[in-house]
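Here's the structure we're looking at; comments come further down.
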Amino acid sequence: MDQIQQLVAEVAGKSPKKIMLQLPAGLKMKAAEIVESLKKQGIETIVANNPCYGACDLADAEAKQMNCNLLVHVGHNKFYVDFPSEVPVLYFPWFIDIRINGIDLSKIKEKRIGLLTTIQHTTLLNDVKEKLDKNGFEAVIGGQVLGCWTFNADKIEDKVDAYLYVGSGKFHPLAVKNKKIYSLDMEKMQIEHVDPMVIEKRRYANIYNAKDAKTFAILVTTKKGQNQLLGPAEEIKEKVEKHQKSAFIVVMNEINDSALLGIKADAFINTACPRIVEDFFSKPIINTGDIDAALGD
Ligand code: SF4
């Protein structure tokens with residue numbers, strides 16, 4: 001059974017009349033095929049097309065508005081923080097099957113290696129472990145990480161000297177800060193060291209530049225899993241005001257620089273996805289954990 005057939009079988013098992021289908025960007029090309037397969041089972045489908053960044057970002061409000069009685073969220077498993085949903089949600093992780101061959105392991109200098117990945121590549125970790133062990137390393141499987149959640153790295157921290165992230169891009173490995181981390185890029189089939197200093201330098205520059213701010217805009221998202229993930233906006237506002245500075249709360253769905261044009265503030269405090277601050281903003285932007293540093297506490 002291929003993954004579309006599995007998805008259809010799981011959805012049909014819930015006997016919904018009408019569903020909303022939410023796909024990450026990389027799987028949107030499958031939408032028409034999935035809709036057609038569901039139609040053959042008598043299930044009407046509406047496709048959610050706003051950007052989707054993870055299970056923190058459910059299209060449940062859109063599903064309710066469109067009278068769907070199930071949201072099918074593809075590509076991620078349930079978020080690590082509980083939050084209420086306006087319709088029941090079926091999570092359907094999508095696994096990518098790639099053959100791992102001919103990887104040059106010489107860039108890895110440490111012996112005990114913790115293996116990390118995203119949900120779609122979890123099935124590859126046993127294979128990677130076998131390859132490392134055969135080449136004289138001691139590999140320990142950690143498991144899935146998110147850009148904001150590294151529990152599976154932390155739990156094996158004492159057993160490893162470095163980590164190897166199996167996946168693509170630097171977003172996920174940059175979340176791991178307690179040990180050196182390499183990335184096995186599945187597109188290039190190459191291993192490279194991921195240097196967190198670029199992100200850390202930007203963070204310190206933002207803190208430094210926010211020290212002079214007199215007015216702070218506190219950013220809150222309507223994305224339910226990210227909504228005040230980093231702390232309650234009202235408490236942050238009070239804290240800033242105690243330092244004889246002004247603060248006001250701004251609510252929006254997508255937090256990005258262009259959406260903030262026209263908001264008159266000297267700096268922003270982010271309460272949503274902690275990785276937003278790594279994007280370009282024309283004003284200093286800090287996460288709530290860096291407020292004390294920016295306020296001089
Ligand atoms: S890193 Fe941001 S987008 Fe990714 S799961 Fe966490 S809150 Fe969501």
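Ligands are numbered from 1 in the order shown, residues from 1 within each chain, and chains are lettered A, B, ... in the order they appear in the structure tokens.
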Let me see if you get this right: every residue at most 8 Å from ligand 1, counting only C-alpha atoms and all ligand atoms, written as a PyMOL selection string.
chain A and resi 53-57+79+146-149+225-226+229+272-276
Using the selection just defined, write its residues with N, CA and C atoms as a tab-separated table (two decimals), in the first residue's frame.
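The resulting file, again11.tsv, is reproduced below:
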```tsv
chain	number	residue	atom	x	y	z
A	53	TYR	N	3.80	25.61	8.65
A	53	TYR	CA	5.18	25.44	9.11
A	53	TYR	C	5.37	24.22	10.01
A	54	GLY	N	4.28	23.62	10.43
A	54	GLY	CA	4.42	22.48	11.32
A	54	GLY	C	3.09	22.20	12.00
A	55	ALA	N	3.12	21.25	12.94
A	55	ALA	CA	1.89	20.90	13.65
A	55	ALA	C	1.48	22.01	14.63
A	56	CYS	N	2.34	23.03	14.75
A	56	CYS	CA	2.02	24.21	15.56
A	56	CYS	C	1.04	25.12	14.83
A	57	ASP	N	0.76	24.79	13.59
A	57	ASP	CA	0.10	25.72	12.67
A	57	ASP	C	-1.07	25.00	11.96
A	79	PHE	N	1.85	18.13	17.81
A	79	PHE	CA	2.78	19.08	18.42
A	79	PHE	C	3.04	18.69	19.88
A	146	LEU	N	12.53	19.07	16.33
A	146	LEU	CA	11.84	20.17	15.65
A	146	LEU	C	12.75	21.39	15.74
A	147	GLY	N	12.39	22.43	15.03
A	147	GLY	CA	13.17	23.66	15.12
A	147	GLY	C	13.09	24.32	16.48
A	148	CYS	N	12.13	23.88	17.32
A	148	CYS	CA	11.95	24.48	18.65
A	148	CYS	C	11.92	23.41	19.74
A	149	TRP	N	12.28	22.19	19.41
A	149	TRP	CA	12.11	21.09	20.39
A	149	TRP	C	13.20	20.07	20.16
A	225	GLY	N	-0.65	26.71	17.93
A	225	GLY	CA	0.47	26.05	18.60
A	225	GLY	C	1.58	27.02	18.96
A	226	GLN	N	1.63	28.13	18.25
A	226	GLN	CA	2.69	29.12	18.49
A	226	GLN	C	2.20	30.27	19.37
A	229	LEU	N	3.73	30.89	22.80
A	229	LEU	CA	4.59	29.74	23.11
A	229	LEU	C	5.74	30.15	24.02
A	272	ALA	N	6.01	34.09	19.68
A	272	ALA	CA	5.55	32.96	18.85
A	272	ALA	C	6.69	31.97	18.61
A	273	CYS	N	6.76	31.42	17.41
A	273	CYS	CA	7.84	30.47	17.08
A	273	CYS	C	9.20	31.09	17.40
A	274	PRO	N	10.02	30.42	18.22
A	274	PRO	CA	11.30	31.04	18.62
A	274	PRO	C	12.27	31.27	17.48
A	275	ARG	N	12.03	30.64	16.31
A	275	ARG	CA	12.97	30.75	15.20
A	275	ARG	C	12.65	31.95	14.29
A	276	ILE	N	11.51	32.62	14.56
A	276	ILE	CA	11.15	33.80	13.74
A	276	ILE	C	12.24	34.86	13.79
```
Would you mind writing down, as a ChimeraX atom specification, each residue of segment 37-133 of chain A that DSSP on the backbone assigns to alpha helix (DSSP H)?
/A:37-39,60-65,125-133
Those same residues - N, CA and C atoms - I'd like them written as a compact mmCIF listing (two decimals), in the first residue's frame.
```txt
# COMPACT_ATOMS: atom_id res chain seq x y z
N SER A 37 -8.44 10.49 -4.87
CA SER A 37 -8.54 9.19 -4.19
C SER A 37 -9.60 9.22 -3.09
N LEU A 38 -9.70 10.35 -2.38
CA LEU A 38 -10.72 10.47 -1.32
C LEU A 38 -12.13 10.53 -1.93
N LYS A 39 -12.22 11.19 -3.09
CA LYS A 39 -13.52 11.31 -3.75
C LYS A 39 -14.08 9.92 -4.09
N ASP A 60 -7.36 24.45 11.56
CA ASP A 60 -8.64 23.97 12.14
C ASP A 60 -9.74 25.03 12.05
N ALA A 61 -9.38 26.33 12.19
CA ALA A 61 -10.40 27.38 12.10
C ALA A 61 -10.97 27.43 10.68
N GLU A 62 -10.09 27.30 9.69
CA GLU A 62 -10.54 27.28 8.28
C GLU A 62 -11.43 26.06 8.04
N ALA A 63 -11.06 24.91 8.64
CA ALA A 63 -11.85 23.69 8.49
C ALA A 63 -13.26 23.90 9.03
N LYS A 64 -13.34 24.53 10.20
CA LYS A 64 -14.67 24.78 10.80
C LYS A 64 -15.47 25.74 9.92
N GLN A 65 -14.80 26.78 9.47
CA GLN A 65 -15.47 27.79 8.64
C GLN A 65 -16.04 27.16 7.35
N LEU A 125 17.16 6.18 10.15
CA LEU A 125 18.18 6.25 11.20
C LEU A 125 18.88 4.91 11.47
N ASN A 126 18.13 3.79 11.39
CA ASN A 126 18.77 2.48 11.61
C ASN A 126 19.85 2.21 10.58
N ASP A 127 19.56 2.59 9.33
CA ASP A 127 20.50 2.40 8.24
C ASP A 127 21.76 3.24 8.46
N VAL A 128 21.56 4.50 8.86
CA VAL A 128 22.70 5.40 9.11
C VAL A 128 23.52 4.88 10.30
N LYS A 129 22.85 4.40 11.32
CA LYS A 129 23.56 3.86 12.49
C LYS A 129 24.45 2.67 12.06
N GLU A 130 23.88 1.79 11.25
CA GLU A 130 24.63 0.62 10.79
C GLU A 130 25.90 1.05 10.04
N LYS A 131 25.73 2.07 9.17
CA LYS A 131 26.88 2.54 8.37
C LYS A 131 27.96 3.13 9.28
N LEU A 132 27.54 3.91 10.26
CA LEU A 132 28.52 4.53 11.18
C LEU A 132 29.22 3.46 12.01
N ASP A 133 28.45 2.53 12.55
CA ASP A 133 29.03 1.48 13.41
C ASP A 133 30.05 0.65 12.63
```
Pick the closest to Lys201 of chain A from A:Asp158, A:Asp257, A:Asp266, A:Glu278: which is it, counting only C-alpha atoms?
A:Glu278
Atom CA of Ala217 of chain A and atom CA of Phe268 of chain A are how many Å apart?
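That distance, rounded to one decimal, is 4.9 Å.
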Using only C-alpha atoms, which protein or nucleic acid residues come within 9 Å of Gly169 of chain A? Drop anything in the same chain fewer than 4 positions from it, and give the result as a compact mmCIF listing (two decimals) with C-alpha atoms, in the first residue's frame.
```
# COMPACT_ATOMS: atom_id res chain seq x y z
CA PRO A 173 20.33 21.17 13.23
CA SER A 183 24.38 17.53 8.89
CA ASP A 185 22.28 16.57 3.58
CA MET A 186 19.96 14.08 1.88
```
